[in-house]
file run01.pdb (PDB, C-alpha atoms, pLDDT in the B column)
ATOM      1  CA  MET A   1      98.783  96.268  95.720  1.00 70.00           C
ATOM      2  CA  GLU A   2     100.407  98.307  92.945  1.00 76.00           C
ATOM      3  CA  LEU A   3     102.097 100.395  95.645  1.00 83.00           C
ATOM      4  CA  VAL A   4     103.510  97.218  97.213  1.00 82.00           C
ATOM      5  CA  ASP A   5     105.155  96.373  93.882  1.00 84.00           C
ATOM      6  CA  VAL A   6     106.485  99.929  93.638  1.00 91.00           C
ATOM      7  CA  VAL A   7     107.991  99.722  97.140  1.00 91.00           C
ATOM      8  CA  LYS A   8     109.642  96.388  96.308  1.00 89.00           C
ATOM      9  CA  ALA A   9     111.144  97.884  93.143  1.00 91.00           C
ATOM     10  CA  ARG A  10     112.409 100.948  95.022  1.00 94.00           C
ATOM     11  CA  LEU A  11     113.984  98.776  97.716  1.00 94.00           C
ATOM     12  CA  SER A  12     115.746  96.757  95.026  1.00 93.00           C
ATOM     13  CA  THR A  13     117.036  99.957  93.409  1.00 95.00           C
ATOM     14  CA  MET A  14     118.134 101.286  96.793  1.00 95.00           C
ATOM     15  CA  ARG A  15     120.069  98.094  97.486  1.00 94.00           C
ATOM     16  CA  GLU A  16     121.844  98.235  94.153  1.00 95.00           C
ATOM     17  CA  ASN A  17     122.542 101.954  93.866  1.00 95.00           C
ATOM     18  CA  GLY A  18     121.460 103.686  97.061  1.00 95.00           C
ATOM     19  CA  TRP A  19     124.401 103.242  99.407  1.00 96.00           C
ATOM     20  CA  ASN A  20     126.322 106.394  98.432  1.00 95.00           C
ATOM     21  CA  ASN A  21     123.330 108.710  98.804  1.00 95.00           C
ATOM     22  CA  PHE A  22     122.300 106.999 102.030  1.00 95.00           C
ATOM     23  CA  PHE A  23     125.808 107.298 103.492  1.00 95.00           C
ATOM     24  CA  THR A  24     125.995 110.967 102.501  1.00 95.00           C
ATOM     25  CA  ASP A  25     122.690 111.644 104.281  1.00 95.00           C
ATOM     26  CA  VAL A  26     123.892 109.801 107.388  1.00 94.00           C
ATOM     27  CA  GLN A  27     127.157 111.756 107.401  1.00 94.00           C
ATOM     28  CA  GLY A  28     125.229 115.019 107.179  1.00 95.00           C
ATOM     29  CA  LEU A  29     123.035 113.992 110.109  1.00 94.00           C
ATOM     30  CA  CYS A  30     126.056 112.978 112.192  1.00 94.00           C
ATOM     31  CA  VAL A  31     127.789 116.294 111.523  1.00 93.00           C
ATOM     32  CA  ALA A  32     124.634 118.223 112.408  1.00 95.00           C
ATOM     33  CA  LYS A  33     124.270 116.299 115.687  1.00 94.00           C
ATOM     34  CA  SER A  34     128.015 116.266 116.527  1.00 94.00           C
ATOM     35  CA  ILE A  35     128.173 112.467 116.221  1.00 94.00           C
ATOM     36  CA  PRO A  36     131.635 111.073 115.340  1.00 94.00           C
ATOM     37  CA  VAL A  37     131.782 109.398 111.915  1.00 93.00           C
ATOM     38  CA  PRO A  38     134.167 106.412 111.767  1.00 93.00           C
ATOM     39  CA  ASN A  39     136.755 106.185 108.999  1.00 95.00           C
ATOM     40  CA  MET A  40     135.334 103.719 106.494  1.00 94.00           C
ATOM     41  CA  ASP A  41     138.823 102.410 105.631  1.00 95.00           C
ATOM     42  CA  ASP A  42     139.681 101.483 109.230  1.00 94.00           C
ATOM     43  CA  LYS A  43     139.898  97.771 110.032  1.00 90.00           C
ATOM     44  CA  ILE A  44     137.715  96.110 112.648  1.00 88.00           C
ATOM     45  CA  PRO A  45     137.564  92.466 113.781  1.00 86.00           C
ATOM     46  CA  VAL A  46     135.135  90.131 112.072  1.00 84.00           C
ATOM     47  CA  ARG A  47     132.055  89.679 114.225  1.00 77.00           C
ATOM     48  CA  GLY A  48     132.654  86.942 116.774  1.00 69.00           C
ATOM     49  CA  ARG A  49     136.433  87.049 116.309  1.00 62.00           C
ATOM     50  CA  SER A  50     139.109  88.729 118.371  1.00 59.00           C
ATOM     51  CA  ILE A  51     141.736  91.123 117.072  1.00 58.00           C
ATOM     52  CA  ALA A  52     144.389  88.547 117.965  1.00 59.00           C
ATOM     53  CA  GLU A  53     142.981  86.136 115.381  1.00 67.00           C
ATOM     54  CA  GLY A  54     143.822  88.619 112.669  1.00 67.00           C
ATOM     55  CA  ARG A  55     140.533  88.350 110.757  1.00 82.00           C
ATOM     56  CA  THR A  56     139.389  91.868 109.989  1.00 88.00           C
ATOM     57  CA  ILE A  57     137.085  93.784 107.681  1.00 91.00           C
ATOM     58  CA  THR A  58     136.748  97.475 106.922  1.00 93.00           C
ATOM     59  CA  ASN A  59     134.142  99.725 108.476  1.00 94.00           C
ATOM     60  CA  LEU A  60     132.778 100.184 104.960  1.00 95.00           C
ATOM     61  CA  HIS A  61     132.140  96.466 104.566  1.00 94.00           C
ATOM     62  CA  HIS A  62     130.583  96.271 108.032  1.00 93.00           C
ATOM     63  CA  TYR A  63     128.142  99.151 107.560  1.00 94.00           C
ATOM     64  CA  ARG A  64     127.336  98.506 103.913  1.00 95.00           C
ATOM     65  CA  ALA A  65     127.260  94.707 103.632  1.00 94.00           C
ATOM     66  CA  GLU A  66     126.418  93.632 107.170  1.00 92.00           C
ATOM     67  CA  ILE A  67     123.923  96.367 108.090  1.00 94.00           C
ATOM     68  CA  PHE A  68     122.646  98.283 105.021  1.00 95.00           C
ATOM     69  CA  TYR A  69     122.237  95.288 102.675  1.00 95.00           C
ATOM     70  CA  VAL A  70     121.030  92.962 105.412  1.00 94.00           C
ATOM     71  CA  ALA A  71     118.377  95.425 106.616  1.00 94.00           C
ATOM     72  CA  ILE A  72     116.989  95.869 103.092  1.00 95.00           C
ATOM     73  CA  ASP A  73     117.066  92.120 102.445  1.00 94.00           C
ATOM     74  CA  LYS A  74     115.117  91.438 105.637  1.00 93.00           C
ATOM     75  CA  ILE A  75     112.492  94.035 104.689  1.00 92.00           C
ATOM     76  CA  CYS A  76     112.152  92.453 101.226  1.00 90.00           C
ATOM     77  CA  VAL A  77     111.822  88.951 102.680  1.00 89.00           C
ATOM     78  CA  GLU A  78     109.179  90.172 105.130  1.00 88.00           C
ATOM     79  CA  MET A  79     107.244  91.873 102.336  1.00 86.00           C
ATOM     80  CA  ASP A  80     107.415  88.741 100.177  1.00 84.00           C
ATOM     81  CA  HIS A  81     106.144  86.757 103.150  1.00 81.00           C
ATOM     82  CA  ARG A  82     103.267  89.120 103.908  1.00 80.00           C
ATOM     83  CA  PHE A  83     102.424  89.909 100.288  1.00 80.00           C
ATOM     84  CA  SER A  84     102.967  86.624  98.481  1.00 77.00           C
ATOM     85  CA  GLU A  85     101.479  86.051  95.040  1.00 75.00           C
ATOM     86  CA  GLY A  86      98.577  84.117  96.558  1.00 75.00           C
ATOM     87  CA  SER A  87      97.888  86.761  99.210  1.00 76.00           C
ATOM     88  CA  ASN A  88      98.050  89.521  96.616  1.00 75.00           C
ATOM     89  CA  MET A  89      95.517  87.733  94.441  1.00 80.00           C
ATOM     90  CA  ILE A  90      93.110  87.276  97.365  1.00 80.00           C
ATOM     91  CA  LEU A  91      93.442  90.910  98.457  1.00 78.00           C
ATOM     92  CA  ASP A  92      92.946  92.054  94.880  1.00 80.00           C
ATOM     93  CA  CYS A  93      89.759  89.992  94.663  1.00 81.00           C
ATOM     94  CA  PHE A  94      88.439  91.307  97.975  1.00 77.00           C
ATOM     95  CA  SER A  95      89.161  94.888  96.896  1.00 77.00           C
ATOM     96  CA  CYS A  96      86.379  94.463  94.320  1.00 78.00           C
ATOM     97  CA  LEU A  97      83.876  94.763  97.184  1.00 73.00           C
ATOM     98  CA  GLU A  98      84.885  98.396  97.704  1.00 70.00           C
ATOM     99  CA  PRO A  99      81.612 100.384  97.594  1.00 62.00           C
ATOM    100  CA  LYS A 100      83.148 103.735  96.599  1.00 65.00           C
ATOM    101  CA  ASN A 101      82.172 105.382  93.316  1.00 66.00           C
ATOM    102  CA  SER A 102      79.072 103.235  92.960  1.00 60.00           C
ATOM    103  CA  PHE A 103      81.050  99.989  93.270  1.00 66.00           C
ATOM    104  CA  SER A 104      83.252 100.896  90.321  1.00 71.00           C
ATOM    105  CA  LYS A 105      85.744  98.167  91.290  1.00 77.00           C
ATOM    106  CA  PHE A 106      83.103  95.438  91.400  1.00 79.00           C
ATOM    107  CA  ASP A 107      84.426  92.580  89.247  1.00 84.00           C
ATOM    108  CA  VAL A 108      82.302  89.446  88.898  1.00 85.00           C
ATOM    109  CA  ASP A 109      85.159  87.284  87.586  1.00 88.00           C
ATOM    110  CA  LYS A 110      87.500  88.126  90.479  1.00 86.00           C
ATOM    111  CA  LEU A 111      84.799  87.711  93.115  1.00 84.00           C
ATOM    112  CA  ALA A 112      83.660  84.412  91.645  1.00 87.00           C
ATOM    113  CA  ARG A 113      87.286  83.260  91.833  1.00 87.00           C
ATOM    114  CA  LEU A 114      87.102  83.695  95.608  1.00 85.00           C
ATOM    115  CA  ALA A 115      84.444  81.009  95.750  1.00 85.00           C
ATOM    116  CA  ASN A 116      86.924  78.628  94.129  1.00 86.00           C
ATOM    117  CA  ILE A 117      89.734  79.671  96.476  1.00 84.00           C
ATOM    118  CA  TYR A 118      87.500  79.122  99.526  1.00 83.00           C
ATOM    119  CA  HIS A 119      86.042  75.939  98.060  1.00 82.00           C
ATOM    120  CA  ALA A 120      85.382  74.475 101.509  1.00 84.00           C
ATOM    121  CA  ASP A 121      82.805  77.209 102.136  1.00 84.00           C
ATOM    122  CA  PHE A 122      81.031  76.918  98.787  1.00 85.00           C
ATOM    123  CA  SER A 123      79.453  73.796  97.291  1.00 89.00           C
ATOM    124  CA  ASP A 124      79.583  72.973  93.582  1.00 88.00           C
ATOM    125  CA  ASP A 125      76.025  74.273  93.254  1.00 90.00           C
ATOM    126  CA  ASP A 126      77.034  77.488  95.055  1.00 88.00           C
ATOM    127  CA  ARG A 127      79.899  78.073  92.639  1.00 87.00           C
ATOM    128  CA  GLY A 128      77.551  77.477  89.734  1.00 87.00           C
ATOM    129  CA  ILE A 129      75.068  80.181  90.699  1.00 89.00           C
ATOM    130  CA  ILE A 130      77.252  82.731  92.441  1.00 88.00           C
ATOM    131  CA  ARG A 131      77.910  84.685  89.241  1.00 87.00           C
ATOM    132  CA  ASP A 132      74.193  85.363  88.841  1.00 87.00           C
ATOM    133  CA  GLN A 133      73.981  86.568  92.433  1.00 84.00           C
ATOM    134  CA  LEU A 134      77.020  88.802  91.979  1.00 83.00           C
ATOM    135  CA  GLU A 135      75.675  90.443  88.849  1.00 80.00           C
ATOM    136  CA  THR A 136      72.364  91.194  90.533  1.00 80.00           C
ATOM    137  CA  TYR A 137      73.750  92.035  93.969  1.00 74.00           C
ATOM    138  CA  VAL A 138      75.705  95.112  92.907  1.00 70.00           C
ATOM    139  CA  LEU A 139      72.459  96.720  91.728  1.00 68.00           C
ATOM    140  CA  GLN A 140      70.854  96.162  95.124  1.00 70.00           C
ATOM    141  CA  MET A 141      73.807  96.707  97.438  1.00 61.00           C
ATOM    142  CA  VAL A 142      72.982 100.283  98.374  1.00 45.00           C
ATOM    143  CA  GLN A 143      69.740  99.163  99.974  1.00 49.00           C
ATOM    144  CA  THR A 144      69.626  97.709 103.478  1.00 51.00           C
ATOM    145  CA  GLU A 145      68.826  94.147 104.506  1.00 54.00           C
ATOM    146  CA  LYS A 146      69.591  92.830 101.037  1.00 57.00           C
ATOM    147  CA  HIS A 147      72.281  90.434 102.203  1.00 53.00           C
ATOM    148  CA  SER A 148      69.585  87.927 103.209  1.00 61.00           C
ATOM    149  CA  VAL A 149      68.465  87.712  99.577  1.00 67.00           C
ATOM    150  CA  PHE A 150      72.012  87.034  98.344  1.00 70.00           C
ATOM    151  CA  PRO A 151      73.575  84.789 101.010  1.00 72.00           C
ATOM    152  CA  LEU A 152      76.525  83.620  98.911  1.00 76.00           C
ATOM    153  CA  VAL A 153      77.713  87.150  98.119  1.00 71.00           C
ATOM    154  CA  TYR A 154      77.252  88.091 101.759  1.00 68.00           C
ATOM    155  CA  LYS A 155      79.453  85.132 102.690  1.00 73.00           C
ATOM    156  CA  LEU A 156      82.222  86.596 100.519  1.00 72.00           C
ATOM    157  CA  ILE A 157      81.913  89.909 102.345  1.00 67.00           C
ATOM    158  CA  GLU A 158      82.079  88.114 105.700  1.00 65.00           C
ATOM    159  CA  LEU A 159      85.268  86.360 104.614  1.00 69.00           C
ATOM    160  CA  SER A 160      86.809  89.691 103.593  1.00 64.00           C
ATOM    161  CA  LEU A 161      85.971  91.187 106.984  1.00 58.00           C
ATOM    162  CA  ILE A 162      87.586  88.348 108.958  1.00 60.00           C
ATOM    163  CA  LEU A 163      90.718  88.321 106.801  1.00 59.00           C
ATOM    164  CA  SER A 164      92.501  90.932 108.936  1.00 53.00           C
ATOM    165  CA  VAL A 165      91.436  89.125 112.128  1.00 45.00           C
ATOM    166  CA  SER A 166      92.898  85.875 110.836  1.00 48.00           C
ATOM    167  CA  THR A 167      96.163  87.625 109.997  1.00 49.00           C
ATOM    168  CA  ALA A 168      96.313  89.192 113.466  1.00 46.00           C
ATOM    169  CA  SER A 169      95.712  85.779 115.065  1.00 47.00           C
ATOM    170  CA  VAL A 170      98.651  84.317 113.144  1.00 47.00           C
ATOM    171  CA  GLU A 171     100.879  87.239 114.176  1.00 51.00           C
ATOM    172  CA  ARG A 172      99.923  86.750 117.831  1.00 51.00           C
ATOM    173  CA  ALA A 173     100.755  83.060 117.517  1.00 50.00           C
ATOM    174  CA  PHE A 174     104.223  83.876 116.172  1.00 50.00           C
ATOM    175  CA  SER A 175     104.715  86.397 118.977  1.00 55.00           C
ATOM    176  CA  ALA A 176     103.918  83.680 121.491  1.00 51.00           C
ATOM    177  CA  MET A 177     106.286  81.328 119.670  1.00 50.00           C
ATOM    178  CA  LYS A 178     109.155  83.836 119.955  1.00 53.00           C
ATOM    179  CA  ILE A 179     108.556  84.133 123.688  1.00 52.00           C
ATOM    180  CA  ILE A 180     108.523  80.380 124.200  1.00 48.00           C
ATOM    181  CA  LYS A 181     111.183  79.319 121.691  1.00 51.00           C
ATOM    182  CA  SER A 182     114.028  81.267 123.247  1.00 55.00           C
ATOM    183  CA  LYS A 183     117.711  80.419 123.011  1.00 47.00           C
ATOM    184  CA  LEU A 184     117.457  78.667 126.373  1.00 47.00           C
ATOM    185  CA  ARG A 185     114.719  76.391 125.027  1.00 50.00           C
ATOM    186  CA  ASN A 186     116.004  75.738 121.528  1.00 53.00           C
ATOM    187  CA  LYS A 187     116.162  71.967 122.171  1.00 53.00           C
ATOM    188  CA  ILE A 188     112.562  71.678 123.286  1.00 54.00           C
ATOM    189  CA  ASN A 189     110.691  68.697 121.823  1.00 57.00           C
ATOM    190  CA  ASP A 190     107.639  69.185 119.582  1.00 56.00           C
ATOM    191  CA  VAL A 191     105.048  67.775 122.000  1.00 57.00           C
ATOM    192  CA  TRP A 192     106.140  69.971 124.890  1.00 58.00           C
ATOM    193  CA  PHE A 193     106.431  72.987 122.564  1.00 52.00           C
ATOM    194  CA  ASN A 194     102.870  72.487 121.260  1.00 57.00           C
ATOM    195  CA  ASN A 195     101.574  72.251 124.819  1.00 59.00           C
ATOM    196  CA  LEU A 196     103.352  75.475 125.765  1.00 52.00           C
ATOM    197  CA  MET A 197     101.943  77.193 122.679  1.00 50.00           C
ATOM    198  CA  SER A 198      98.422  76.174 123.693  1.00 53.00           C
ATOM    199  CA  ASP A 199      98.915  77.562 127.196  1.00 51.00           C
ATOM    200  CA  GLU A 200     100.584  80.764 125.916  1.00 46.00           C
ATOM    201  CA  SER A 201      97.773  81.459 123.437  1.00 44.00           C
ATOM    202  CA  LEU A 202      95.415  81.915 126.390  1.00 40.00           C
ATOM    203  CA  LEU A 203      97.356  85.043 127.310  1.00 41.00           C
ATOM    204  CA  PHE A 204      96.532  86.737 124.016  1.00 42.00           C
TER     205      PHE A 204
END

call {"tool": "encode", "arguments": {"input": "run01.pdb", "output": "structure tokens"}}
result
Amino acid sequence: MELVDVVKARLSTMRENGWNNFFTDVQGLCVAKSIPVPNMDDKIPVRGRSIAEGRTITNLHHYRAEIFYVAIDKICVEMDHRFSEGSNMILDCFSCLEPKNSFSKFDVDKLARLANIYHADFSDDDRGIIRDQLETYVLQMVQTEKHSVFPLVYKLIELSLILSVSTASVERAFSAMKIIKSKLRNKINDVWFNNLMSDESLLF
């Protein structure tokens, strides 16, 4: 998760100060591959407008503002969507189940917090005793068949294992949505759309 924050910071720096270096690299590639490089000061029509309308921008504005900045902004938005503050916290908590180095990352406070996040799966009594199970479980985890003795901790591990499956299911649902909700169907009503989504999900 620290690397995610580093990537976000580097993307922000690249957006603010990275255009010149990026453009220089692209120019070098174009020269090496004999690809013509447009003059950045030349005028081109605004997207969706004709030359006759007289609304123009420079190649520099087109490549820098409409492609370079937009591409970075979309990556940042996607990262914020996939790695929101809530998602980061959950992943950080689940990372405490990492068994490497004799469970060096095992953190009772973070793991107990998961029981509060997934409150529907844990009763009040469960949340009251889970800390005791966590503190004892790490000492027994290297032995087999111990999950039956500590069912609440094992439930946390099960939730961590299905997390990626749940994410994949959501991604498949959005893929189906993109197929169905095309430009030709952008006026589709909600009931019909939901029915189509149900039918489309059978294909995945």

call {"tool": "resolve_selection", "arguments": {"input": "run01.pdb", "expression": "the PyMOL selection byres ((chain A and resi 111) around 12)", "output": "MDAnalysis selection string"}}
result
chainID A and resid 89:98 105:110 112:118 127 130:135 137:138 152:157 159:160

call {"tool": "resolve_selection", "arguments": {"input": "run01.pdb", "expression": "the PyMOL selection byres ((chain A and resi 64) around 12)", "output": "list in words"}}
result
Met14, Arg15, Glu16, Asn17, Gly18, Trp19, Asn20, Phe22, Phe23, Met40, Ile57, Thr58, Asn59, Leu60, His61, His62, Tyr63, Ala65, Glu66, Ile67, Phe68, Tyr69, Val70, Ala71 and Ile72 of chain A

call {"tool": "write_last_selection", "arguments": {"input": "run01.pdb", "atoms": "C-alpha atoms", "output": "PDB file, keeping the file's coordinate frame"}}
result
ATOM      1  CA  MET A  14     118.134 101.286  96.793  1.00 95.00           C
ATOM      2  CA  ARG A  15     120.069  98.094  97.486  1.00 94.00           C
ATOM      3  CA  GLU A  16     121.844  98.235  94.153  1.00 95.00           C
ATOM      4  CA  ASN A  17     122.542 101.954  93.866  1.00 95.00           C
ATOM      5  CA  GLY A  18     121.460 103.686  97.061  1.00 95.00           C
ATOM      6  CA  TRP A  19     124.401 103.242  99.407  1.00 96.00           C
ATOM      7  CA  ASN A  20     126.322 106.394  98.432  1.00 95.00           C
ATOM      8  CA  PHE A  22     122.300 106.999 102.030  1.00 95.00           C
ATOM      9  CA  PHE A  23     125.808 107.298 103.492  1.00 95.00           C
ATOM     10  CA  MET A  40     135.334 103.719 106.494  1.00 94.00           C
ATOM     11  CA  ILE A  57     137.085  93.784 107.681  1.00 91.00           C
ATOM     12  CA  THR A  58     136.748  97.475 106.922  1.00 93.00           C
ATOM     13  CA  ASN A  59     134.142  99.725 108.476  1.00 94.00           C
ATOM     14  CA  LEU A  60     132.778 100.184 104.960  1.00 95.00           C
ATOM     15  CA  HIS A  61     132.140  96.466 104.566  1.00 94.00           C
ATOM     16  CA  HIS A  62     130.583  96.271 108.032  1.00 93.00           C
ATOM     17  CA  TYR A  63     128.142  99.151 107.560  1.00 94.00           C
ATOM     18  CA  ALA A  65     127.260  94.707 103.632  1.00 94.00           C
ATOM     19  CA  GLU A  66     126.418  93.632 107.170  1.00 92.00           C
ATOM     20  CA  ILE A  67     123.923  96.367 108.090  1.00 94.00           C
ATOM     21  CA  PHE A  68     122.646  98.283 105.021  1.00 95.00           C
ATOM     22  CA  TYR A  69     122.237  95.288 102.675  1.00 95.00           C
ATOM     23  CA  VAL A  70     121.030  92.962 105.412  1.00 94.00           C
ATOM     24  CA  ALA A  71     118.377  95.425 106.616  1.00 94.00           C
ATOM     25  CA  ILE A  72     116.989  95.869 103.092  1.00 95.00           C
TER      26      ILE A  72
END

call {"tool": "atom_distance", "arguments": {"input": "run01.pdb", "atom1": "CA of Ser84 (chain A)", "atom2": "CA of Val4 (chain A)"}}
result
10.7 Å

call {"tool": "atom_distance", "arguments": {"input": "run01.pdb", "atom1": "CA of Asp125 (chain A)", "atom2": "CA of Gln140 (chain A)"}}
result
22.6 Å

call {"tool": "atom_distance", "arguments": {"input": "run01.pdb", "atom1": "CA of Phe83 (chain A)", "atom2": "CA of Leu11 (chain A)"}}
result
14.8 Å

call {"tool": "decode", "arguments": {"input": "run01.pdb", "residues": "region 112-129 of chain A", "atoms": "N, CA and C atoms", "output": "PDB file, in the first residue's frame"}}
result
ATOM      1  N   ALA A 112      -8.673  -7.302  14.629  1.00  0.00           N
ATOM      2  CA  ALA A 112      -9.923  -7.150  15.371  1.00  0.00           C
ATOM      3  C   ALA A 112     -10.817  -6.086  14.737  1.00  0.00           C
ATOM      4  N   ARG A 113     -10.183  -5.087  14.109  1.00  0.00           N
ATOM      5  CA  ARG A 113     -10.954  -4.044  13.422  1.00  0.00           C
ATOM      6  C   ARG A 113     -11.756  -4.624  12.262  1.00  0.00           C
ATOM      7  N   LEU A 114     -11.232  -5.685  11.640  1.00  0.00           N
ATOM      8  CA  LEU A 114     -11.964  -6.328  10.552  1.00  0.00           C
ATOM      9  C   LEU A 114     -13.302  -6.875  11.024  1.00  0.00           C
ATOM     10  N   ALA A 115     -13.333  -7.373  12.242  1.00  0.00           N
ATOM     11  CA  ALA A 115     -14.587  -7.901  12.777  1.00  0.00           C
ATOM     12  C   ALA A 115     -15.628  -6.803  12.906  1.00  0.00           C
ATOM     13  N   ASN A 116     -15.183  -5.579  13.166  1.00  0.00           N
ATOM     14  CA  ASN A 116     -16.116  -4.450  13.220  1.00  0.00           C
ATOM     15  C   ASN A 116     -16.545  -4.016  11.825  1.00  0.00           C
ATOM     16  N   ILE A 117     -15.597  -4.069  10.871  1.00  0.00           N
ATOM     17  CA  ILE A 117     -15.941  -3.696   9.494  1.00  0.00           C
ATOM     18  C   ILE A 117     -16.970  -4.660   8.921  1.00  0.00           C
ATOM     19  N   TYR A 118     -16.724  -5.980   9.133  1.00  0.00           N
ATOM     20  CA  TYR A 118     -17.654  -7.008   8.660  1.00  0.00           C
ATOM     21  C   TYR A 118     -18.588  -7.404   9.796  1.00  0.00           C
ATOM     22  N   HIS A 119     -19.272  -6.404  10.344  1.00  0.00           N
ATOM     23  CA  HIS A 119     -20.102  -6.626  11.535  1.00  0.00           C
ATOM     24  C   HIS A 119     -21.244  -7.603  11.289  1.00  0.00           C
ATOM     25  N   ALA A 120     -21.670  -7.729  10.025  1.00  0.00           N
ATOM     26  CA  ALA A 120     -22.765  -8.660   9.733  1.00  0.00           C
ATOM     27  C   ALA A 120     -22.343 -10.109   9.928  1.00  0.00           C
ATOM     28  N   ASP A 121     -21.052 -10.378   9.869  1.00  0.00           N
ATOM     29  CA  ASP A 121     -20.540 -11.740   9.998  1.00  0.00           C
ATOM     30  C   ASP A 121     -20.106 -12.080  11.421  1.00  0.00           C
ATOM     31  N   PHE A 122     -20.074 -11.078  12.292  1.00  0.00           N
ATOM     32  CA  PHE A 122     -19.614 -11.301  13.658  1.00  0.00           C
ATOM     33  C   PHE A 122     -20.622 -10.692  14.638  1.00  0.00           C
ATOM     34  N   SER A 123     -21.067 -11.500  15.594  1.00  0.00           N
ATOM     35  CA  SER A 123     -21.997 -11.014  16.609  1.00  0.00           C
ATOM     36  C   SER A 123     -21.257 -10.153  17.627  1.00  0.00           C
ATOM     37  N   ASP A 124     -22.005  -9.505  18.516  1.00  0.00           N
ATOM     38  CA  ASP A 124     -21.374  -8.715  19.572  1.00  0.00           C
ATOM     39  C   ASP A 124     -20.491  -9.593  20.449  1.00  0.00           C
ATOM     40  N   ASP A 125     -20.965 -10.797  20.738  1.00  0.00           N
ATOM     41  CA  ASP A 125     -20.152 -11.726  21.544  1.00  0.00           C
ATOM     42  C   ASP A 125     -18.874 -12.104  20.814  1.00  0.00           C
ATOM     43  N   ASP A 126     -18.991 -12.329  19.476  1.00  0.00           N
ATOM     44  CA  ASP A 126     -17.812 -12.659  18.672  1.00  0.00           C
ATOM     45  C   ASP A 126     -16.766 -11.557  18.768  1.00  0.00           C
ATOM     46  N   ARG A 127     -17.219 -10.319  18.615  1.00  0.00           N
ATOM     47  CA  ARG A 127     -16.284  -9.187  18.644  1.00  0.00           C
ATOM     48  C   ARG A 127     -15.673  -9.002  20.025  1.00  0.00           C
ATOM     49  N   GLY A 128     -16.354  -9.493  21.035  1.00  0.00           N
ATOM     50  CA  GLY A 128     -15.823  -9.377  22.393  1.00  0.00           C
ATOM     51  C   GLY A 128     -14.715 -10.363  22.692  1.00  0.00           C
ATOM     52  N   ILE A 129     -14.737 -11.520  22.032  1.00  0.00           N
ATOM     53  CA  ILE A 129     -13.748 -12.555  22.355  1.00  0.00           C
ATOM     54  C   ILE A 129     -12.706 -12.759  21.265  1.00  0.00           C
TER      55      ILE A 129
END
